[in-house]
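Scroll down for the structure; my scribbles are underneath it.
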Amino acid sequence: MLYGLIGEKLGHSFSKKVHALLGDYPYDPTEIKKDDLKSFLTNREFKGINVTAPYKQDVIPFLDFVSEEVKEIGACNTIVNKGGKLFGYNTDAYGLEMLIRKNGVSIQGRRCAILGTGGTSKTAFYVLKKLGASSVIKVSRTGKDGAVTYQTMPNDIEVIVNTTPCGTFPNNDESPIDLTRFKSLAACFDVVYNPLRTALVSQAKSLGIKAEGGLYMLVGQAIKASEYFLDTKYSDETFEKVFNVIFDKTQNVVLIGMPTSGKTTIGKKLAKTMDREFTDVDDCIEKTIGMNIPAYFEKFGEKQFRDIEEQIIAELSKKSGLVLATGGGSILREANVRRLKQNGVLCFLDRSLDKLQASSSRPLSSDKETLKKRYDERYSLYKAVADVVIDGNGTIEEALNKVKEKIL
């Protein structure tokens, strides 16, 4: 390995994608067992590496030089081999600070809480104190080592930073805490970047609280690490360009709207244009149930169908980089919307009622009367949950171009 990432489990890491956009050097994520860490660092057969859980503290005794950040934080995530000597840095601190600044959140004089007590929590503590927090507490399930428990956490906290892995893929529905009790909360940051918007971030946004996941932090720490690797300096424009590329490639494009509004046709063309995988929720449902949807509706009813639909959406929402066409009623359940938004941008194909077609293959819109009923029931909901509204009254090509204008 010349450059890369070491850790215990790296299946969800995006780091390779980020470094591929920064320089012409190989970057190899490598899982290392605890028993093999000493020999890896002693042999020093690398030029530069990033370090992730659970080794950010374990690597420090093997370093010949550590930065001031590493000394204060007690955690190292970047190591550079300079002529056989190992230099350790903490670029997570830079990434977290950039995440906070990007969102225009002032920490000065604010009461802050860090969820978790691991290596990343030490980084968050350093950054929050550096930015002028009036107080910073750590929160854990046990309340050991000076932390408070989730139950005894003060309700007047103004900024929360989650450094636990809770909510990380594939456990996307998990959240470390319910935010409704914190009436003074102004901002919530989550270092988890997969999914793009964790359950914690999604709840914060629904409450009108400024919130963002950890992808910007990931890109920031990677850029700073690459600067150390190559002894170079990247511009702010490079930072934003790399982040936007990674975000756009990762985020799903989710098409919502009435039956016959063009979701499948436009979705297939869009996926081809974007060189992405196309997936149709209804197709996935029919493969799962082993029959067509009208037959399933007739035999088992709508509730059982919606239960299957929810299960399918829960799994598809965990993926990234898809173009996803949903069924007309997929947005009827709040859980579906919440999950689709974790990794996706919801695009409503707004086609007027007179241009929609009733069909016997659609159990809830088999004739003009039921189609109008569904349209009246759902239209305001489509508008409410959509991130982007697309005028779908023109040709397929016109609608396709409008989607591309909005998301590319």
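Simple scheme: letters A, B, ... for chains in structure tokens order, numbers from 1 for residues in each chain, numbers from 1 for ligands in the order shown.
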
So that I can see what lies close to segment 213-226 of chain A, please list as a PyMOL selection string the residues with an atom at most 7 Å from it, counting only C-alpha atoms and leaving out residues fewer than 5 positions away in the same chain. chain A and resi 18-19+78+91-92+94-96+98-99+189-193+196-198+201+243

Residues near Leu340 of chain A, anyone? I mean within 9 Å using only C-alpha atoms, not counting same-chain ones fewer than 5 positions away, as a list in words.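 These residues fall inside the cut-off: Asn252, Val254, Ile313, Ala314, Leu316, Ser317, Lys318, Ala335, Val345 and Leu346 of chain A.
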
Distance criterion (only C-alpha atoms): nearest to Thr120 of chain A out of A:Pro54, A:Gly23, A:Gly301, A:Gly88: A:Pro54

For the contact check between segment 160-194 of chain A and segment 138-141 of chain A, emit one row per residue of segment 160-194 of chain A within 10 Å, containing the shortest atom pair and the distance in Å rounded to one decimal, counting only C-alpha atoms, chain then rising number order, as CSV.
residue,atom,partner,partner_atom,distance
A:Ile160,CA,A:Lys138,CA,9.9
A:Val161,CA,A:Lys138,CA,9.6
A:Asn162,CA,A:Val139,CA,9.5
A:Thr164,CA,A:Ser140,CA,9.2
A:Pro176,CA,A:Ser140,CA,9.6

Choose the residue, out of A:Thr123, A:Ser39, A:Thr168, A:Ser360, that has the smallest atom-to-atom separation from Gln57 of chain A; count only C-alpha atoms. A:Thr123

Could you tell me which of A:Ser330, A:Asn43, A:Ser361, A:Asn343 comes closest to Ala295 of chain A if we count only C-alpha atoms? A:Ser361

Show which residues sit within 12 Å of Leu230 of chain A, as a PyMOL selection string. Count only C-alpha atoms, and ignore same-chain residues fewer than 2 positions away. chain A and resi 2-3+19+22-25+47-49+80-82+223-228+232-234

Please produce a file of the residues just selected, as a JSON list (two decimals), in the first residue's frame, where the atoms kept are C-alpha atoms.
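Output contents, as saved in selection-v2.json:
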[["chain", "number", "residue", "atom", "x", "y", "z"],
["A", 2, "LEU", "CA", 1.29, 3.46, -0.95],
["A", 3, "TYR", "CA", -1.71, 5.46, 0.23],
["A", 19, "HIS", "CA", -9.19, 10.71, -2.98],
["A", 22, "LEU", "CA", -7.86, 14.79, -5.62],
["A", 23, "GLY", "CA", -4.73, 13.36, -7.17],
["A", 24, "ASP", "CA", -3.16, 10.70, -9.35],
["A", 25, "TYR", "CA", -2.19, 8.31, -6.59],
["A", 47, "LYS", "CA", 3.69, 6.76, 2.14],
["A", 48, "GLY", "CA", 0.49, 8.06, 3.67],
["A", 49, "ILE", "CA", -2.57, 6.59, 5.34],
["A", 80, "VAL", "CA", 2.63, 10.42, 6.64],
["A", 81, "ASN", "CA", 5.86, 8.47, 6.21],
["A", 82, "LYS", "CA", 8.70, 10.96, 5.70],
["A", 223, "ILE", "CA", -8.58, 17.13, 1.35],
["A", 224, "LYS", "CA", -6.42, 18.12, 4.32],
["A", 225, "ALA", "CA", -4.99, 14.58, 4.47],
["A", 226, "SER", "CA", -4.15, 14.71, 0.76],
["A", 227, "GLU", "CA", -2.36, 18.01, 1.32],
["A", 228, "TYR", "CA", -0.18, 16.27, 3.90],
["A", 232, "THR", "CA", 0.47, 20.60, -1.53],
["A", 233, "LYS", "CA", -2.42, 23.01, -1.00],
["A", 234, "TYR", "CA", -5.88, 22.83, -2.57]]

Using only C-alpha atoms, can you tell me which of A:Ser365, A:Lys404, A:Gly118, A:Val385 comes closest to Ser206 of chain A? A:Val385

Given the choices A:Gln304, A:Thr163, A:Gln151, A:Ser15, which gets closest to Arg181 of chain A if the distance is worked out from only C-alpha atoms?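 Closest residue, counting only C-alpha atoms: A:Gln151.
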
Give the alpha helix (DSSP H) residues of segment 3-137 of chain A, as assigned by DSSP on the backbone, as JSON, numbers by chain. {"A": [15, 16, 17, 18, 19, 20, 37, 38, 39, 40, 41, 42, 43, 68, 69, 70, 71, 72, 73, 92, 93, 94, 95, 96, 97, 98, 99, 100, 101, 102, 119, 120, 121, 122, 123, 124, 125, 126, 127, 128, 129, 130]}

Generate a file of the selected residues that holds N, CA and C atoms, formatted as a CSV table (one decimal), in the first residue's frame.
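Output below, filename out01.csv:
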chain,number,residue,atom,x,y,z
A,15,SER,N,-14.1,7.0,1.3
A,15,SER,CA,-12.8,7.7,1.2
A,15,SER,C,-12.1,7.5,-0.2
A,16,LYS,N,-12.2,6.3,-0.7
A,16,LYS,CA,-11.5,6.0,-2.0
A,16,LYS,C,-12.1,6.9,-3.1
A,17,LYS,N,-13.4,7.1,-3.1
A,17,LYS,CA,-14.0,8.0,-4.1
A,17,LYS,C,-13.5,9.4,-4.0
A,18,VAL,N,-13.4,9.9,-2.7
A,18,VAL,CA,-12.9,11.3,-2.6
A,18,VAL,C,-11.5,11.5,-3.0
A,19,HIS,N,-10.6,10.6,-2.6
A,19,HIS,CA,-9.2,10.7,-3.0
A,19,HIS,C,-9.0,10.5,-4.5
A,20,ALA,N,-9.8,9.8,-5.1
A,20,ALA,CA,-9.7,9.6,-6.6
A,20,ALA,C,-9.9,10.9,-7.3
A,37,LEU,N,-2.0,-4.7,13.7
A,37,LEU,CA,-1.7,-3.3,13.7
A,37,LEU,C,-0.3,-2.9,14.0
A,38,LYS,N,0.3,-3.6,15.0
A,38,LYS,CA,1.7,-3.3,15.4
A,38,LYS,C,2.7,-3.6,14.2
A,39,SER,N,2.6,-4.7,13.6
A,39,SER,CA,3.5,-5.1,12.5
A,39,SER,C,3.3,-4.1,11.3
A,40,PHE,N,2.1,-3.7,11.0
A,40,PHE,CA,1.8,-2.8,9.9
A,40,PHE,C,2.5,-1.5,10.1
A,41,LEU,N,2.4,-1.0,11.3
A,41,LEU,CA,3.0,0.3,11.6
A,41,LEU,C,4.5,0.3,11.8
A,42,THR,N,5.0,-0.9,12.3
A,42,THR,CA,6.4,-1.1,12.5
A,42,THR,C,7.1,-1.2,11.2
A,43,ASN,N,6.5,-1.9,10.2
A,43,ASN,CA,7.1,-2.1,8.9
A,43,ASN,C,7.2,-0.8,8.1
A,68,GLU,N,0.0,19.4,17.0
A,68,GLU,CA,-0.6,20.0,18.2
A,68,GLU,C,-2.0,19.5,18.3
A,69,GLU,N,-2.8,19.3,17.2
A,69,GLU,CA,-4.1,18.8,17.3
A,69,GLU,C,-4.1,17.4,17.9
A,70,VAL,N,-3.2,16.6,17.4
A,70,VAL,CA,-3.2,15.2,17.9
A,70,VAL,C,-2.8,15.2,19.4
A,71,LYS,N,-1.9,16.1,19.8
A,71,LYS,CA,-1.6,16.2,21.3
A,71,LYS,C,-2.8,16.6,22.1
A,72,GLU,N,-3.5,17.6,21.6
A,72,GLU,CA,-4.7,18.0,22.4
A,72,GLU,C,-5.9,17.1,22.3
A,73,ILE,N,-6.1,16.5,21.2
A,73,ILE,CA,-7.3,15.7,21.0
A,73,ILE,C,-7.0,14.2,21.5
A,92,ASP,N,-9.6,15.3,10.9
A,92,ASP,CA,-11.0,15.3,11.3
A,92,ASP,C,-11.4,16.7,11.8
A,93,ALA,N,-10.5,17.2,12.6
A,93,ALA,CA,-10.8,18.5,13.3
A,93,ALA,C,-11.1,19.6,12.2
A,94,TYR,N,-10.2,19.6,11.2
A,94,TYR,CA,-10.4,20.6,10.1
A,94,TYR,C,-11.8,20.3,9.4
A,95,GLY,N,-12.1,19.0,9.1
A,95,GLY,CA,-13.3,18.7,8.4
A,95,GLY,C,-14.5,19.1,9.2
A,96,LEU,N,-14.5,18.8,10.5
A,96,LEU,CA,-15.7,19.2,11.4
A,96,LEU,C,-15.9,20.7,11.4
A,97,GLU,N,-14.8,21.4,11.6
A,97,GLU,CA,-14.9,22.9,11.6
A,97,GLU,C,-15.4,23.4,10.3
A,98,MET,N,-15.0,22.8,9.2
A,98,MET,CA,-15.5,23.3,7.9
A,98,MET,C,-17.0,23.0,7.8
A,99,LEU,N,-17.5,21.8,8.3
A,99,LEU,CA,-18.9,21.5,8.3
A,99,LEU,C,-19.7,22.5,9.0
A,100,ILE,N,-19.2,22.9,10.2
A,100,ILE,CA,-20.0,23.8,11.0
A,100,ILE,C,-20.0,25.2,10.3
A,101,ARG,N,-18.8,25.6,9.8
A,101,ARG,CA,-18.8,26.9,9.1
A,101,ARG,C,-19.6,27.0,7.9
A,102,LYS,N,-19.7,25.9,7.1
A,102,LYS,CA,-20.5,25.8,5.9
A,102,LYS,C,-21.9,26.1,6.2
A,119,GLY,N,-13.0,8.2,19.9
A,119,GLY,CA,-12.0,9.0,19.4
A,119,GLY,C,-12.5,10.3,18.7
A,120,THR,N,-13.6,10.2,17.9
A,120,THR,CA,-14.2,11.3,17.2
A,120,THR,C,-14.8,12.3,18.2
A,121,SER,N,-15.3,11.8,19.3
A,121,SER,CA,-15.8,12.8,20.3
A,121,SER,C,-14.8,13.7,20.8
A,122,LYS,N,-13.5,13.2,20.9
A,122,LYS,CA,-12.4,14.0,21.4
A,122,LYS,C,-12.1,15.1,20.4
A,123,THR,N,-12.3,14.8,19.1
A,123,THR,CA,-12.1,15.8,18.0
A,123,THR,C,-13.2,16.8,18.1
A,124,ALA,N,-14.4,16.4,18.3
A,124,ALA,CA,-15.5,17.3,18.4
A,124,ALA,C,-15.4,18.3,19.6
A,125,PHE,N,-14.9,17.7,20.7
A,125,PHE,CA,-14.7,18.6,21.9
A,125,PHE,C,-13.7,19.6,21.6
A,126,TYR,N,-12.6,19.3,21.0
A,126,TYR,CA,-11.5,20.2,20.6
A,126,TYR,C,-12.1,21.3,19.7
A,127,VAL,N,-12.8,20.9,18.7
A,127,VAL,CA,-13.3,21.9,17.7
A,127,VAL,C,-14.3,22.9,18.4
A,128,LEU,N,-15.3,22.3,19.2
A,128,LEU,CA,-16.3,23.2,19.8
A,128,LEU,C,-15.6,24.2,20.8
A,129,LYS,N,-14.6,23.7,21.5
A,129,LYS,CA,-14.0,24.6,22.5
A,129,LYS,C,-13.2,25.7,21.7
A,130,LYS,N,-12.5,25.3,20.6
A,130,LYS,CA,-11.8,26.2,19.7
A,130,LYS,C,-12.7,27.3,19.2

Extract the full set of strand (DSSP E) residues from segment 169-348 of chain A according to DSSP on the backbone, and format it as a list in words. Ala187, Cys188, Phe189, Asp190, Lys210, Ala211, Glu212, Asn252, Val253, Val254, Leu255, Ile256, Glu277, Phe278, Thr279, Asp280, Leu322, Val323, Leu324, Ala325, Gly344, Val345, Leu346, Cys347 and Phe348 of chain A

Can you tell me, as a PyMOL selection string, what residues are no more than 12 Å from Gly327 of chain A when counting only C-alpha atoms, ignoring any on the same chain fewer than 5 positions away? chain A and resi 254-264+279-286+293+305-306+309-310+312-313+332-333+336+348+362-364

Which of these, A:Ile246, A:Leu408, A:Val337, A:Ala186, has the shortest distance to Val105 of chain A once you count only C-alpha atoms?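 Of A:Ile246, A:Leu408, A:Val337, A:Ala186, the one nearest Val105 of chain A, counting only C-alpha atoms, is A:Ala186.
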